[in-house]
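Comments concern the structure below.
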Amino acid sequence: METATTEFLAQCLEPEDLTFPSMPPFGSWVCAVDEESGNQVYAVVYHATTMPVDSVHRAVAMGMSLQDLREEQPQIFAMLKTEFKAAIVGFAQSSPVPNTNGRVYQYLPPRPPQIHQAVHRCESEVIVRFTEELEFLRTLLSINGAPVESLTAAVIRDIYQLRKADRDWLIKAGRNLSILLKDDYDRLRFILSQIHP
């Protein structure tokens, strides 16, 4: 819905049944393709919200359970939208071999995905491959307008689980953070305190 050099805003598709759209978790990985270059752009979700479709009306607390809302006020589900912001942390160049990604880069791509491009959750294998190196942590720590310490910890926890509790990777991530935050022990300690291996 919106795109910029460092981030993009996407809207979750409405489900078929009377439920709210599935909101991606804080710190989860998403990807989108820049169709012009063919680059696969990787990003981390740092903000999600559900709000009315129009900007004129505000949502009002109904004091009802979700089941009661489905039965008595089903139109409410069509009047709300769920959006999320994702910070771009890297990209993979397109590969001439079908179903494979080319080289991975852990810095901002030459251009972000274009507006109206589909955004998908990243497959576990893609995240594991992307996070072999840890330069993306520098990008995470420099995001404006986000709780970067909590975001960094959430991303590390998620990757650690995807890597099946790879302690060596976790130690490598901790060392990398200690170098990046060598002049800010309080921030480093705050991030590390949120990682529960």
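Order determines the names: the first chain of the structure tokens is A, the second B, and so forth; residues in each chain are numbered 1 upward, and ligands are numbered 1 upward as they are shown.
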
Please build the interface table for stretch 34-131 of chain A against stretch 135-154 of chain A with a cut-off of 10 Å, listing for each qualifying residue the nearest atom pair and the distance in Å to one decimal; count only C-alpha atoms, order rows by chain and increasing number, and write it as JSON lines.
```
{"residue": "A:Ala43", "atom": "CA", "partner": "A:Leu140", "partner_atom": "CA", "distance": 9.8}
{"residue": "A:Val44", "atom": "CA", "partner": "A:Leu140", "partner_atom": "CA", "distance": 8.5}
{"residue": "A:Val45", "atom": "CA", "partner": "A:Leu151", "partner_atom": "CA", "distance": 8.6}
{"residue": "A:Tyr46", "atom": "CA", "partner": "A:Ala146", "partner_atom": "CA", "distance": 6.5}
{"residue": "A:His47", "atom": "CA", "partner": "A:Ala146", "partner_atom": "CA", "distance": 7.5}
{"residue": "A:Lys85", "atom": "CA", "partner": "A:Ala146", "partner_atom": "CA", "distance": 9.9}
{"residue": "A:Ala87", "atom": "CA", "partner": "A:Ile143", "partner_atom": "CA", "distance": 7.3}
{"residue": "A:Ile88", "atom": "CA", "partner": "A:Thr139", "partner_atom": "CA", "distance": 8.3}
{"residue": "A:Val89", "atom": "CA", "partner": "A:Phe136", "partner_atom": "CA", "distance": 5.6}
{"residue": "A:Gly90", "atom": "CA", "partner": "A:Phe136", "partner_atom": "CA", "distance": 7.1}
{"residue": "A:Tyr105", "atom": "CA", "partner": "A:Phe136", "partner_atom": "CA", "distance": 9.0}
{"residue": "A:Gln106", "atom": "CA", "partner": "A:Phe136", "partner_atom": "CA", "distance": 5.3}
{"residue": "A:Tyr107", "atom": "CA", "partner": "A:Phe136", "partner_atom": "CA", "distance": 6.8}
{"residue": "A:Leu108", "atom": "CA", "partner": "A:Thr139", "partner_atom": "CA", "distance": 8.6}
{"residue": "A:Phe130", "atom": "CA", "partner": "A:Phe136", "partner_atom": "CA", "distance": 9.1}
{"residue": "A:Thr131", "atom": "CA", "partner": "A:Phe136", "partner_atom": "CA", "distance": 8.0}
```

(request) Would you please extract all alpha helix (DSSP H) residues from stretch 9-179 of chain A, as assigned by DSSP on the backbone, and give them as a ChimeraX atom specification? (result) /A:66-72,124-130,136-141,148-162,167-179

Could you list, as a short mmCIF file (atom, residue, chain, number, x, y, z; two decimals) with all heavy atoms, in the first residue's frame, every residue within 10 Å of A:Leu13, counting only C-alpha atoms and ignoring same-chain residues fewer than 2 positions away?
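Resulting contents of part_13.cif:
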```cif
data_model
loop_
_atom_site.label_atom_id
_atom_site.label_comp_id
_atom_site.auth_asym_id
_atom_site.auth_seq_id
_atom_site.Cartn_x
_atom_site.Cartn_y
_atom_site.Cartn_z
N ALA A 10 1.91 -2.86 4.23
CA ALA A 10 1.10 -3.83 3.51
C ALA A 10 -0.21 -4.06 4.25
O ALA A 10 -0.28 -3.87 5.46
CB ALA A 10 1.86 -5.14 3.36
N GLN A 11 -1.22 -4.47 3.51
CA GLN A 11 -2.52 -4.78 4.10
C GLN A 11 -2.75 -6.28 4.04
O GLN A 11 -2.49 -6.92 3.02
CB GLN A 11 -3.63 -4.06 3.35
CG GLN A 11 -5.00 -4.26 3.96
CD GLN A 11 -6.07 -3.44 3.27
OE1 GLN A 11 -5.78 -2.49 2.58
NE2 GLN A 11 -7.32 -3.82 3.46
N PRO A 15 -10.08 -12.62 5.47
CA PRO A 15 -10.38 -14.05 5.42
C PRO A 15 -11.80 -14.29 4.88
O PRO A 15 -12.62 -13.39 4.85
CB PRO A 15 -10.26 -14.49 6.88
CG PRO A 15 -10.48 -13.25 7.67
CD PRO A 15 -10.02 -12.10 6.82
N GLU A 16 -12.04 -15.52 4.48
CA GLU A 16 -13.36 -15.89 3.95
C GLU A 16 -14.42 -15.93 5.04
O GLU A 16 -15.58 -15.64 4.79
CB GLU A 16 -13.27 -17.27 3.27
CG GLU A 16 -12.33 -17.33 2.08
CD GLU A 16 -12.83 -16.51 0.90
OE1 GLU A 16 -14.05 -16.48 0.67
OE2 GLU A 16 -11.99 -15.90 0.21
N PHE A 20 -10.99 -11.74 12.04
CA PHE A 20 -10.11 -10.65 11.66
C PHE A 20 -8.98 -11.21 10.80
O PHE A 20 -8.60 -12.37 10.96
CB PHE A 20 -9.52 -9.97 12.91
CG PHE A 20 -10.57 -9.29 13.75
CD1 PHE A 20 -10.88 -9.77 15.01
CD2 PHE A 20 -11.22 -8.17 13.29
CE1 PHE A 20 -11.85 -9.14 15.79
CE2 PHE A 20 -12.19 -7.54 14.06
CZ PHE A 20 -12.50 -8.03 15.31
N PRO A 21 -8.43 -10.40 9.91
CA PRO A 21 -7.29 -10.89 9.12
C PRO A 21 -6.14 -11.31 10.03
O PRO A 21 -5.95 -10.74 11.10
CB PRO A 21 -6.90 -9.67 8.28
CG PRO A 21 -8.12 -8.82 8.24
CD PRO A 21 -8.82 -9.04 9.55
N SER A 22 -5.39 -12.30 9.60
CA SER A 22 -4.27 -12.81 10.38
C SER A 22 -3.15 -11.77 10.39
O SER A 22 -2.60 -11.41 9.35
CB SER A 22 -3.76 -14.12 9.76
OG SER A 22 -2.67 -14.59 10.49
N MET A 23 -2.83 -11.28 11.58
CA MET A 23 -1.80 -10.25 11.74
C MET A 23 -0.45 -10.94 11.89
O MET A 23 -0.31 -11.84 12.72
CB MET A 23 -2.13 -9.42 12.98
CG MET A 23 -1.25 -8.23 13.20
SD MET A 23 -1.72 -7.30 14.70
CE MET A 23 -3.20 -6.46 14.15
N LYS A 81 -9.72 -3.10 8.71
CA LYS A 81 -8.58 -3.58 7.92
C LYS A 81 -7.38 -3.75 8.83
O LYS A 81 -7.25 -3.06 9.84
CB LYS A 81 -8.25 -2.61 6.78
CG LYS A 81 -7.79 -1.24 7.25
CD LYS A 81 -7.49 -0.32 6.10
CE LYS A 81 -7.12 1.07 6.62
NZ LYS A 81 -6.81 2.02 5.57
N THR A 82 -6.52 -4.69 8.47
CA THR A 82 -5.30 -4.94 9.22
C THR A 82 -4.12 -4.63 8.32
O THR A 82 -4.05 -5.12 7.19
CB THR A 82 -5.25 -6.40 9.71
OG1 THR A 82 -6.37 -6.62 10.58
CG2 THR A 82 -3.96 -6.69 10.46
N GLU A 83 -3.22 -3.80 8.82
CA GLU A 83 -2.03 -3.41 8.06
C GLU A 83 -0.79 -3.66 8.91
O GLU A 83 -0.88 -3.73 10.14
CB GLU A 83 -2.07 -1.91 7.71
CG GLU A 83 -3.24 -1.51 6.85
CD GLU A 83 -3.31 0.00 6.64
OE1 GLU A 83 -2.67 0.76 7.40
OE2 GLU A 83 -4.03 0.40 5.73
#
```

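Between atom CA of A:Ile115 and atom CA of A:Thr3 the separation is 6.0 Å.
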
(request) Taking the chain letters and numbering used in this document, name the residues of stretch 49-175 of chain A that DSSP puts in strand (DSSP E), as JSON, numbers by chain. (result) {"A": [49, 50, 51, 52, 80, 81, 82, 83, 84, 85, 86, 87, 88, 89, 90, 91, 92, 93, 94, 101, 102, 103, 104, 105, 119, 120, 121]}

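Nearest to A:Pro113 of all the residues A:Glu14, A:Arg189, A:Ile159, A:Asn39 is A:Asn39, counting only C-alpha atoms.
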
(request) Show which residues sit within 10 Å of A:Lys172, as a list in words. Count only C-alpha atoms, and ignore same-chain residues fewer than 5 positions away. (result) Glu133, Leu134, Arg167, Leu177 and Ser178 of chain A

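Taking only C-alpha atoms into account, A:Leu192 lies nearest to A:Ile156 out of the set A:Leu162, A:Ala86, A:Ala4, A:Ile156.
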